[in-house]
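Asker: The file below is upload.txt, compact mmCIF, C-alpha atoms and all ligand atoms:
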```txt
# COMPACT_ATOMS: atom_id res chain seq x y z
CA MET A 1 6.48 -16.30 -11.10
CA ARG A 2 7.32 -13.77 -13.78
CA TYR A 3 5.50 -10.58 -14.52
CA GLU A 4 5.74 -9.57 -18.14
CA PRO A 5 6.53 -5.92 -18.62
CA MET A 6 3.83 -4.03 -20.46
CA ASN A 7 4.45 -3.07 -24.02
CA PRO A 8 4.15 0.70 -23.89
CA ILE A 9 3.07 0.91 -27.52
CA THR A 10 0.27 -1.64 -27.70
CA PHE A 11 -0.85 -1.74 -24.08
CA ASP A 12 -3.87 0.52 -23.63
CA LEU A 13 -5.05 0.59 -20.03
CA PHE A 14 -8.29 2.33 -20.88
CA ALA A 15 -9.27 0.65 -24.13
CA ASP A 16 -12.54 -0.69 -22.74
CA ALA A 17 -13.66 2.34 -20.77
CA GLU A 18 -16.46 4.59 -21.96
CA PRO A 19 -15.08 8.11 -22.42
CA GLU A 20 -17.22 9.60 -19.63
CA GLN A 21 -16.37 6.78 -17.21
CA GLN A 22 -12.66 6.72 -17.86
CA PRO A 23 -10.89 6.01 -14.63
CA ARG A 24 -8.45 8.75 -13.87
CA HIS A 25 -5.28 6.73 -13.85
CA GLU A 26 -2.00 8.56 -13.66
CA GLN A 27 1.29 7.02 -14.63
CA ILE A 28 4.02 8.04 -12.20
CA GLY A 29 6.74 5.65 -13.34
CA GLU A 30 7.45 3.16 -16.09
CA GLN A 31 5.43 0.51 -14.20
CA SER A 32 3.77 2.70 -11.57
CA TYR A 33 0.25 4.10 -11.49
CA VAL A 34 -2.11 6.05 -9.29
CA LEU A 35 -5.61 4.61 -9.73
CA ARG A 36 -7.81 7.51 -8.66
CA GLY A 37 -10.82 6.52 -6.58
CA PHE A 38 -10.38 2.85 -7.43
CA ALA A 39 -11.23 1.65 -3.89
CA LEU A 40 -14.41 3.73 -3.52
CA PRO A 41 -16.88 1.12 -4.84
CA TRP A 42 -15.39 -1.43 -2.42
CA LEU A 43 -15.71 0.65 0.75
CA ASP A 44 -18.97 -0.76 2.08
CA ARG A 45 -17.38 -4.21 2.16
CA LEU A 46 -13.88 -3.00 3.04
CA LEU A 47 -14.61 -1.02 6.20
CA PRO A 48 -16.47 -3.71 8.18
CA ALA A 49 -13.73 -6.19 7.24
CA LEU A 50 -11.11 -3.71 8.45
CA GLU A 51 -12.95 -3.31 11.73
CA ALA A 52 -12.93 -7.08 12.29
CA VAL A 53 -9.19 -7.28 11.56
CA LEU A 54 -8.45 -4.45 13.98
CA THR A 55 -10.52 -6.04 16.74
CA ALA A 56 -8.28 -9.11 16.53
CA ALA A 57 -5.03 -7.21 15.92
CA PRO A 58 -5.30 -3.61 17.20
CA PHE A 59 -3.07 -0.79 15.98
CA ARG A 60 0.13 -0.31 17.94
CA GLN A 61 3.16 1.90 17.58
CA MET A 62 6.36 -0.01 16.89
CA VAL A 63 10.00 0.82 17.52
CA THR A 64 12.61 0.86 14.75
CA PRO A 65 15.97 -0.89 15.08
CA GLY A 66 17.42 2.59 15.67
CA GLY A 67 15.25 2.99 18.76
CA PHE A 68 12.70 5.47 17.37
CA THR A 69 8.98 4.98 17.96
CA MET A 70 7.20 5.22 14.61
CA SER A 71 4.59 8.00 14.35
CA VAL A 72 2.45 5.65 12.26
CA ALA A 73 0.58 2.89 14.12
CA LEU A 74 0.60 -0.55 12.49
CA SER A 75 -1.33 -3.75 12.23
CA SER A 76 -1.37 -6.54 9.66
CA CYS A 77 -3.46 -9.29 8.21
CA GLY A 78 -2.68 -12.21 5.93
CA THR A 79 -0.21 -15.03 6.36
CA TRP A 80 2.65 -12.64 7.04
CA GLY A 81 2.62 -9.47 9.10
CA TRP A 82 5.35 -6.86 8.94
CA THR A 83 6.90 -5.88 12.26
CA THR A 84 9.79 -3.86 13.57
CA ASP A 85 11.52 -3.74 16.94
CA ARG A 86 14.99 -3.12 18.34
CA ASN A 87 16.23 -6.29 16.65
CA GLY A 88 15.19 -5.36 13.13
CA TYR A 89 12.39 -5.53 10.58
CA GLN A 90 10.78 -8.84 9.82
CA TYR A 91 7.74 -10.68 8.59
CA THR A 92 6.13 -12.85 11.26
CA ARG A 93 3.30 -15.39 11.15
CA ASN A 94 2.08 -14.34 14.59
CA ASP A 95 1.17 -10.99 16.03
CA PRO A 96 3.87 -10.40 18.68
CA GLN A 97 1.30 -8.52 20.78
CA THR A 98 -1.27 -11.33 21.04
CA GLY A 99 0.89 -14.34 20.18
CA ALA A 100 -1.88 -15.45 17.79
CA PRO A 101 -1.54 -15.74 14.02
CA TRP A 102 -2.29 -12.47 12.22
CA PRO A 103 -5.95 -12.30 11.18
CA GLU A 104 -6.68 -13.87 7.82
CA MET A 105 -6.74 -11.49 4.91
CA PRO A 106 -10.45 -10.75 4.27
CA GLU A 107 -11.65 -11.87 0.85
CA VAL A 108 -12.57 -8.29 -0.08
CA PHE A 109 -9.03 -7.09 0.67
CA PHE A 110 -7.55 -9.79 -1.54
CA GLU A 111 -9.97 -9.12 -4.38
CA LEU A 112 -9.38 -5.37 -4.31
CA ALA A 113 -5.60 -5.82 -4.30
CA GLN A 114 -5.77 -8.22 -7.24
CA ALA A 115 -8.12 -5.98 -9.21
CA ALA A 116 -5.88 -2.95 -8.69
CA ALA A 117 -2.73 -4.86 -9.63
CA ARG A 118 -4.44 -6.10 -12.80
CA GLU A 119 -5.52 -2.58 -13.67
CA ALA A 120 -1.85 -1.57 -13.53
CA GLY A 121 -0.74 -4.46 -15.73
CA PHE A 122 0.30 -7.00 -13.06
CA MET A 123 -1.92 -9.89 -13.96
CA ALA A 124 -1.06 -12.52 -11.35
CA PHE A 125 -0.65 -10.74 -8.03
CA VAL A 126 -1.12 -13.04 -5.03
CA PRO A 127 -0.65 -10.97 -1.87
CA ASP A 128 0.12 -12.90 1.30
CA SER A 129 0.56 -9.83 3.48
CA CYS A 130 -1.37 -6.65 4.14
CA LEU A 131 0.24 -4.04 6.34
CA ILE A 132 -2.26 -1.58 7.78
CA ASN A 133 -0.89 1.86 8.60
CA ARG A 134 -2.75 4.46 10.65
CA TYR A 135 -1.64 8.08 10.37
CA VAL A 136 -3.01 10.76 12.68
CA PRO A 137 -2.25 14.42 11.81
CA GLY A 138 1.50 14.94 12.08
CA ALA A 139 2.35 11.27 11.43
CA ARG A 140 4.69 10.63 8.52
CA MET A 141 6.77 7.90 6.92
CA SER A 142 10.31 8.67 5.90
CA LEU A 143 11.72 7.57 2.54
CA HIS A 144 12.39 3.84 2.42
CA GLN A 145 12.41 0.89 0.04
CA ASP A 146 10.18 -2.14 0.56
CA LYS A 147 12.76 -4.87 0.55
CA ASN A 148 12.00 -7.31 3.34
CA GLU A 149 10.22 -9.54 0.81
CA ASN A 150 11.86 -12.71 -0.52
CA ALA A 151 11.45 -11.63 -4.12
CA TYR A 152 10.67 -8.40 -5.91
CA THR A 153 8.73 -9.88 -8.81
CA ALA A 154 5.34 -8.93 -7.32
CA PRO A 155 4.19 -5.31 -7.20
CA ILE A 156 3.22 -3.23 -4.16
CA VAL A 157 -0.44 -2.22 -4.00
CA SER A 158 -1.08 0.67 -1.63
CA VAL A 159 -4.62 1.83 -0.76
CA SER A 160 -5.32 5.26 0.77
CA LEU A 161 -8.39 5.97 2.92
CA GLY A 162 -9.45 8.94 5.02
CA LEU A 163 -7.43 12.15 5.25
CA PRO A 164 -5.36 13.17 2.22
CA ALA A 165 -1.60 12.72 2.08
CA THR A 166 1.36 13.74 0.01
CA PHE A 167 3.09 10.60 -1.19
CA LEU A 168 6.76 10.89 -2.07
CA PHE A 169 7.76 8.70 -4.98
CA GLY A 170 11.52 8.73 -5.32
CA GLY A 171 14.21 6.96 -7.25
CA PHE A 172 16.56 4.09 -6.53
CA GLU A 173 18.72 6.03 -4.12
CA ARG A 174 17.55 7.88 -1.08
CA SER A 175 19.13 11.10 -2.37
CA ALA A 176 17.26 11.04 -5.70
CA LYS A 177 14.58 13.68 -6.20
CA SER A 178 11.06 12.57 -5.25
CA GLN A 179 7.81 13.30 -7.04
CA ARG A 180 5.11 14.66 -4.75
CA VAL A 181 1.89 12.81 -5.44
CA PRO A 182 -1.29 13.97 -3.66
CA LEU A 183 -3.34 10.98 -2.51
CA PHE A 184 -7.00 11.08 -1.56
CA HIS A 185 -9.59 8.78 -0.02
CA GLY A 186 -10.01 5.77 -2.31
CA ASP A 187 -6.85 6.22 -4.39
CA ILE A 188 -4.55 3.25 -4.98
CA VAL A 189 -0.88 3.40 -5.93
CA VAL A 190 0.63 0.37 -7.66
CA TRP A 191 4.35 0.09 -8.33
CA GLY A 192 6.29 -2.92 -9.50
CA GLY A 193 8.53 -4.39 -12.16
CA VAL A 194 11.37 -2.01 -12.92
CA ASP A 195 9.99 0.41 -10.29
CA ARG A 196 9.60 -2.13 -7.50
CA LEU A 197 12.53 -0.88 -5.40
CA ARG A 198 11.87 2.82 -5.68
CA TYR A 199 12.13 4.85 -2.50
CA HIS A 200 8.84 6.19 -1.19
CA GLY A 201 7.41 7.88 1.87
CA VAL A 202 4.62 10.10 3.18
CA LEU A 203 4.86 13.75 4.31
CA PRO A 204 3.32 14.65 7.69
CA ILE A 205 -0.46 14.38 7.49
CA LYS A 206 -2.26 17.71 7.84
CA GLU A 207 -4.97 18.39 10.43
CA GLY A 208 -8.43 17.55 9.18
CA GLN A 209 -11.60 15.55 9.60
CA HIS A 210 -12.60 13.02 7.01
CA PRO A 211 -16.39 12.58 6.78
CA ARG A 212 -16.20 8.79 6.86
CA LEU A 213 -12.98 8.03 8.76
CA GLY A 214 -12.52 11.04 11.03
CA GLU A 215 -9.15 12.44 11.99
CA GLN A 216 -6.92 9.81 10.40
CA ARG A 217 -5.51 8.33 7.26
CA ILE A 218 -5.55 4.55 6.86
CA ASN A 219 -3.26 2.88 4.35
CA PHE A 220 -3.22 -0.77 3.29
CA THR A 221 -0.03 -2.00 1.72
CA PHE A 222 -0.40 -5.36 -0.04
CA ARG A 223 2.68 -7.41 -0.80
CA THR A 224 3.85 -10.87 -1.65
CA ALA A 225 6.23 -11.42 1.24
CA ARG A 226 7.23 -15.07 0.72
C1 LIG A 301 4.30 2.32 3.21
O1 LIG A 301 5.22 2.59 2.45
O2 LIG A 301 4.30 1.32 3.94
C2 LIG A 301 3.09 3.23 3.35
C3 LIG A 301 2.85 4.15 2.23
C4 LIG A 301 1.61 4.97 2.47
O3 LIG A 301 1.17 5.12 3.63
O4 LIG A 301 1.05 5.52 1.50
FE FE2 A 302 6.77 1.14 1.94
```
Using structure tokens, write down the structure that the file contains.
Answerer:
Amino acid sequence: MRYEPMNPITFDLFADAEPEQQPRHEQIGEQSYVLRGFALPWLDRLLPALEAVLTAAPFRQMVTPGGFTMSVALSSCGTWGWTTDRNGYQYTRNDPQTGAPWPEMPEVFFELAQAAAREAGFMAFVPDSCLINRYVPGARMSLHQDKNENAYTAPIVSVSLGLPATFLFGGFERSAKSQRVPLFHGDIVVWGGVDRLRYHGVLPIKEGQHPRLGEQRINFTFRTAR
């Protein structure tokens, strides 16, 4: 599948929006956007679906190949779940903790991911994996590239819920300078195309209480893994 790059001159993301309802989209790279508040209208469907996924596949802290326990707790849904242990990173069909297949991706997850991708100019996103990250205050994610997928033609769609975070959006080498992008409840970051392999990470989450989600940040990362 090929994703056509947007024509920066004729492509107008907001052409159809009424001035007062213009979504606050911010471009952070040639093919990368922050869609402010995009997930908010979906929350009443999203949160019960999340709860069902987590009942079947609870959060757990995983160990990296280097032997470090990640501060972020993980779960997954969809055909492929992302895992890490002493032997490496991989996508698996089954949850290693339960031995059962990862929970199916709820319809509302899939629809939201597709709608966000489309909003950012990726018209045919078909995610087969949703990694669910849980950050408590102090948890962080160091700079990395998402490159365990078979192909890099599909974008990454990353949904933020709960406590705010500072997202680091870097370059193509770990040492490149990163932009610091504040992310709030309901924001979605989409990066793909020429930006697909950019380094990214999350600074340690600050103490706080979110009115709806409490003392945590939840992130969904949608990908086409296979
Ligand atoms: C990730 O890169 O997997 C997570 C990014 C985020 O939590 O915003
Ligand atoms: Fe990532």
Asker: Hey, which residues sit close to ligand FE2 302 (chain A)? Say within 10 Å, counting all atoms listed in the file, and write them as a VMD selection string.
Answerer: chain A and resid 131 141 to 147 156 to 158 197 to 202 221 to 223
Asker: Could you state the separation of atom CA of A:Asn87 and atom CA of A:Thr69 in Å, given to one decimal place?
Answerer: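 For atom CA of A:Asn87 relative to atom CA of A:Thr69, the distance reads 13.5 Å.
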Asker: Pick the closest to A:Val194 from A:Ser178, A:Ala56, A:Ala154, A:Pro211: which is it, counting all atoms listed in the file?
Answerer: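 Of all the options, A:Ala154 lies closest to A:Val194.
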Asker: With distances taken over all atoms listed in the file, which residue among A:Lys206, A:Arg118, A:Arg24, A:Arg134 lies nearest ligand LIG 301 (chain A)?
Answerer: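 So, comparing all the options, the nearest one is A:Arg134.
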Asker: Please measure the separation of atom CA of A:Ala113 and atom CA of A:Leu46, giving the value in Å to one decimal.
Answerer: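 Going from atom CA of A:Ala113 over to atom CA of A:Leu46, I get 11.4 Å.
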Asker: Calculated over all atoms listed in the file, which of the candidates A:Asp187, A:Glu215, A:Asp195, A:Asp128 has the smallest distance to ligand LIG 301 (chain A)?
Answerer: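 Result for the nearest residue to ligand LIG 301 (chain A): A:Asp187.
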Asker: Atom CA of A:Glu51 and atom CA of A:Gly186, how far apart in Å?
Answerer: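 Between atom CA of A:Gly186 and atom CA of A:Glu51 the gap works out to 17.0 Å.
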Asker: Go ahead and find all residues with at least one atom no further than 12 Å from (-10.8, -14.0, 1.7) in the file's coordinates, using all atoms listed in the file; report them as number ranges by chain.
Answerer: A: 45-46, 49, 77-79, 103-114, 126-128
Asker: Nearest to ligand LIG 301 (chain A) among A:Met70, A:Asp85, A:Thr98, A:Ala151, with distances taken over only C-alpha atoms and all ligand atoms: which residue is it?
Answerer: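 For ligand LIG 301 (chain A), the nearest of the candidates is A:Met70.
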Asker: Find the spatial neighbours of stretch 88-95 of chain A, counting only C-alpha atoms, within a cut-off of 10 Å - ignore same-chain residues fewer than 2 positions away - and output them as a PyMOL selection string.
Answerer: chain A and resi 56-58+63-66+75-86+97-103+129+148-149+225-226
Asker: Enumerate, as a PDB file with C-alpha atoms, keeping the file's coordinate frame, the protein, DNA and RNA residues whose atoms approach (-11.5, 8.8, 4.0) to within 7 Å, taking into account all atoms listed in the file and the coordinate frame of the file.
Answerer:
```pdb
ATOM      1  CA  LEU A 161      -8.390   5.970   2.920  1.00  0.00           C
ATOM      2  CA  GLY A 162      -9.450   8.940   5.020  1.00  0.00           C
ATOM      3  CA  LEU A 163      -7.430  12.150   5.250  1.00  0.00           C
ATOM      4  CA  HIS A 185      -9.590   8.780  -0.020  1.00  0.00           C
ATOM      5  CA  HIS A 210     -12.600  13.020   7.010  1.00  0.00           C
ATOM      6  CA  PRO A 211     -16.390  12.580   6.780  1.00  0.00           C
ATOM      7  CA  ARG A 212     -16.200   8.790   6.860  1.00  0.00           C
ATOM      8  CA  LEU A 213     -12.980   8.030   8.760  1.00  0.00           C
ATOM      9  CA  ARG A 217      -5.510   8.330   7.260  1.00  0.00           C
TER      10      ARG A 217
END
```
Asker: Would you list the contacts of A:Gln27 as an MDAnalysis selection string, taking every protein, DNA or RNA residue within 12 Å and counting all atoms listed in the file, but skipping same-chain residues closer than 5 positions in sequence?
Answerer: chainID A and resid 8 13 32:36 119:121 169 179 181 188:191 195
Asker: Given the choices A:Thr166, A:Thr224, A:Gln209, A:Thr153, which gets closest to ligand LIG 301 (chain A) if the distance is worked out from all atoms listed in the file?
Answerer: A:Thr166
Asker: Could you check the closest approach to ligand LIG 301 (chain A) for each of A:Glu173, A:Gln216, A:Gly193, A:Ile132 and tell me which residue wins, using only C-alpha atoms and all ligand atoms?
Answerer: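 Of the candidates, the smallest distance to ligand LIG 301 (chain A) is held by A:Ile132.
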Asker: Padding of 5 Å on every side, edges along x, y and z, all listed atoms of ligand LIG 301 (chain A) included: what centre and edge lengths in Å, to one decimal, does that box have, as JSON?
Answerer:
```
{"center_x": 3.1, "center_y": 3.4, "center_z": 2.7, "size_x": 14.2, "size_y": 14.2, "size_z": 12.4}
```
